[in-house]
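Chemist: File final_29.tsv below, TSV, C-alpha atoms:
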chain	number	residue	atom	x	y	z
H	8	MET	CA	1.06	-2.96	55.16
H	9	LYS	CA	1.53	0.51	56.59
H	10	HIS	CA	-1.38	2.95	56.47
H	11	PRO	CA	-0.88	5.77	53.99
H	12	PRO	CA	-0.69	9.33	55.31
H	13	VAL	CA	-3.79	11.42	54.62
H	14	THR	CA	-3.77	15.15	54.05
H	15	GLU	CA	-6.60	17.52	53.29
H	16	ARG	CA	-6.38	20.14	50.57
H	17	LYS	CA	-8.71	21.62	47.99
H	18	LEU	CA	-8.63	19.43	44.89
H	19	GLY	CA	-10.73	21.52	42.51
H	20	LYS	CA	-7.96	21.85	39.95
H	21	HIS	CA	-7.81	18.03	39.80
H	22	LYS	CA	-11.61	17.82	39.56
H	23	ALA	CA	-11.50	15.16	42.27
H	24	ASP	CA	-12.78	14.61	45.80
H	25	GLY	CA	-9.77	12.48	46.65
H	26	LEU	CA	-6.51	11.24	45.17
H	27	TYR	CA	-4.15	8.39	45.85
H	28	TRP	CA	-0.51	9.02	44.94
H	29	PRO	CA	1.24	5.64	44.41
H	30	ASP	CA	4.71	7.19	44.21
H	31	THR	CA	4.46	8.59	47.74
H	32	LYS	CA	1.82	6.12	48.94
H	33	SER	CA	-0.28	9.00	50.22
H	34	ILE	CA	-3.90	10.11	50.07
H	35	GLU	CA	-5.30	13.61	49.64
H	36	ILE	CA	-8.91	14.42	50.49
H	37	ASP	CA	-10.83	17.59	49.75
H	38	PRO	CA	-11.72	19.20	53.12
H	39	ASN	CA	-15.13	20.43	51.92
H	40	LEU	CA	-16.76	16.99	51.66
H	41	LYS	CA	-19.83	16.09	53.68
H	42	PRO	CA	-19.28	13.25	56.20
H	43	LYS	CA	-20.72	10.35	54.20
H	44	ARG	CA	-18.97	11.41	50.99
H	45	LYS	CA	-15.71	11.85	52.90
H	46	MET	CA	-15.96	8.31	54.26
H	47	GLU	CA	-16.73	6.98	50.79
H	48	VAL	CA	-13.72	8.78	49.28
H	49	MET	CA	-11.39	7.70	52.10
H	50	ILE	CA	-12.40	4.06	51.56
H	51	HIS	CA	-12.02	4.44	47.80
H	52	GLU	CA	-8.51	5.87	48.03
H	53	LEU	CA	-7.46	3.30	50.63
H	54	LEU	CA	-8.60	0.54	48.27
H	55	HIS	CA	-6.33	2.01	45.58
H	56	HIS	CA	-3.49	1.75	48.11
H	57	ARG	CA	-4.30	-1.82	49.13
H	58	HIS	CA	-5.16	-3.14	45.66
H	59	PRO	CA	-3.18	-1.28	43.00
H	60	ASP	CA	-4.08	-3.97	40.45
H	61	TRP	CA	-7.85	-3.39	40.76
H	62	THR	CA	-9.73	-1.53	38.06
H	63	GLU	CA	-11.42	1.78	38.86
H	64	GLU	CA	-14.78	0.02	38.44
H	65	LYS	CA	-13.89	-2.59	41.07
H	66	VAL	CA	-12.55	0.06	43.47
H	67	ASN	CA	-15.80	2.05	43.01
H	68	ALA	CA	-18.02	-0.98	43.58
H	69	GLU	CA	-16.16	-2.25	46.65
H	70	GLY	CA	-15.81	1.23	48.11
H	71	LEU	CA	-19.51	1.97	47.81
H	72	TYR	CA	-20.39	-1.43	49.29
H	73	ILE	CA	-18.16	-0.86	52.34
H	74	CYS	CA	-19.33	2.73	52.81
H	75	GLU	CA	-23.01	1.81	52.64
H	76	PHE	CA	-22.48	-1.02	55.13
H	77	LEU	CA	-20.69	1.22	57.65
H	78	TRP	CA	-23.17	4.08	57.20
H	79	LYS	CA	-26.15	1.72	57.61
H	80	HIS	CA	-24.63	0.54	60.88
H	81	ASN	CA	-24.33	4.12	62.10
H	82	TYR	CA	-20.61	4.61	61.74
H	83	ARG	CA	-20.02	8.35	62.20
H	84	LYS	CA	-16.89	10.34	62.96
H	85	VAL	CA	-17.21	11.76	66.46
H	86	SER	CA	-13.69	13.10	67.09
H	87	GLN	CA	-10.25	13.42	65.49
In structure tokens, how does this file's structure come out?
Modeler:
Amino acid sequence: MKHPPVTERKLGKHKADGLYWPDTKSIEIDPNLKPKRKMEVMIHELLHHRHPDWTEEKVNAEGLYICEFLWKHNYRKVSQ
């Protein structure tokens, strides 16, 4: 499965930190997120892409689990 494109834009009007658009298979992320929250939201939206049949509750639980695991093991963005 191809990775979805990710763009950054302010999402205040959507009251969201991130969005997955199934029609275009794309992700939007608010650029003002702190690093850990950004990773959490990226994982969350990617899970929506990979598992469109999952409930929001399952996406939340799995996303948090993966984010906490990576953060605990010192995953940090160091460059683009």
Chemist: I need the residue nearest Arg16 of chain H from this list: H:Ile34, H:Glu63, H:Lys79, H:Lys41. Use only C-alpha atoms for the distance.
Modeler: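 Under the stated criterion, the closest residue is H:Ile34.
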Chemist: Which residue gives the smallest distance to His10 of chain H among H:Arg44, H:His51, H:Lys22, H:Arg57, with all atoms listed in the file counted?
Modeler: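 Distance minimum relative to His10 of chain H lands on H:Arg57.
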Chemist: Excluding Glu52 of chain H and residues on its chain fewer than 6 positions from it, collect all residues at most 8 Å away from it, counting all atoms listed in the file, and give them as a PyMOL selection string.
Modeler: chain H and resi 25-27+34
Chemist: Just want the 10 Å neighbourhood of Glu75 of chain H, counted on only C-alpha atoms, with same-chain residues fewer than 6 positions away dropped. Output as number ranges by chain.
Modeler: H: 43, 46-47, 69, 81-82
Chemist: Is there a way to complete segment 12-23 of chain H with N, CA and C atoms and then write that out as a PDB file, in the coordinates of the input?
Modeler:
ATOM      1  N   PRO H  12      -0.338   8.052  54.694  1.00  0.00           N
ATOM      2  CA  PRO H  12      -0.690   9.330  55.310  1.00  0.00           C
ATOM      3  C   PRO H  12      -1.824   9.984  54.523  1.00  0.00           C
ATOM      4  N   VAL H  13      -2.661  10.723  55.240  1.00  0.00           N
ATOM      5  CA  VAL H  13      -3.790  11.420  54.620  1.00  0.00           C
ATOM      6  C   VAL H  13      -3.661  12.904  54.921  1.00  0.00           C
ATOM      7  N   THR H  14      -3.762  13.702  53.879  1.00  0.00           N
ATOM      8  CA  THR H  14      -3.770  15.150  54.050  1.00  0.00           C
ATOM      9  C   THR H  14      -5.017  15.701  53.373  1.00  0.00           C
ATOM     10  N   GLU H  15      -5.455  16.841  53.878  1.00  0.00           N
ATOM     11  CA  GLU H  15      -6.600  17.520  53.290  1.00  0.00           C
ATOM     12  C   GLU H  15      -6.126  18.758  52.545  1.00  0.00           C
ATOM     13  N   ARG H  16      -6.610  18.918  51.328  1.00  0.00           N
ATOM     14  CA  ARG H  16      -6.380  20.140  50.570  1.00  0.00           C
ATOM     15  C   ARG H  16      -7.431  20.219  49.473  1.00  0.00           C
ATOM     16  N   LYS H  17      -7.721  21.418  49.037  1.00  0.00           N
ATOM     17  CA  LYS H  17      -8.710  21.620  47.990  1.00  0.00           C
ATOM     18  C   LYS H  17      -8.193  20.992  46.696  1.00  0.00           C
ATOM     19  N   LEU H  18      -9.034  20.179  46.073  1.00  0.00           N
ATOM     20  CA  LEU H  18      -8.630  19.430  44.890  1.00  0.00           C
ATOM     21  C   LEU H  18      -9.380  19.844  43.638  1.00  0.00           C
ATOM     22  N   GLY H  19      -9.948  21.035  43.646  1.00  0.00           N
ATOM     23  CA  GLY H  19     -10.730  21.520  42.510  1.00  0.00           C
ATOM     24  C   GLY H  19      -9.988  21.483  41.190  1.00  0.00           C
ATOM     25  N   LYS H  20      -8.712  21.843  41.210  1.00  0.00           N
ATOM     26  CA  LYS H  20      -7.960  21.850  39.950  1.00  0.00           C
ATOM     27  C   LYS H  20      -7.782  20.439  39.390  1.00  0.00           C
ATOM     28  N   HIS H  21      -7.889  19.434  40.247  1.00  0.00           N
ATOM     29  CA  HIS H  21      -7.810  18.030  39.800  1.00  0.00           C
ATOM     30  C   HIS H  21      -9.190  17.480  39.450  1.00  0.00           C
ATOM     31  N   LYS H  22     -10.223  18.271  39.760  1.00  0.00           N
ATOM     32  CA  LYS H  22     -11.610  17.820  39.560  1.00  0.00           C
ATOM     33  C   LYS H  22     -11.841  16.473  40.246  1.00  0.00           C
ATOM     34  N   ALA H  23     -11.400  16.407  41.500  1.00  0.00           N
ATOM     35  CA  ALA H  23     -11.500  15.160  42.270  1.00  0.00           C
ATOM     36  C   ALA H  23     -11.862  15.475  43.716  1.00  0.00           C
TER      37      ALA H  23
END
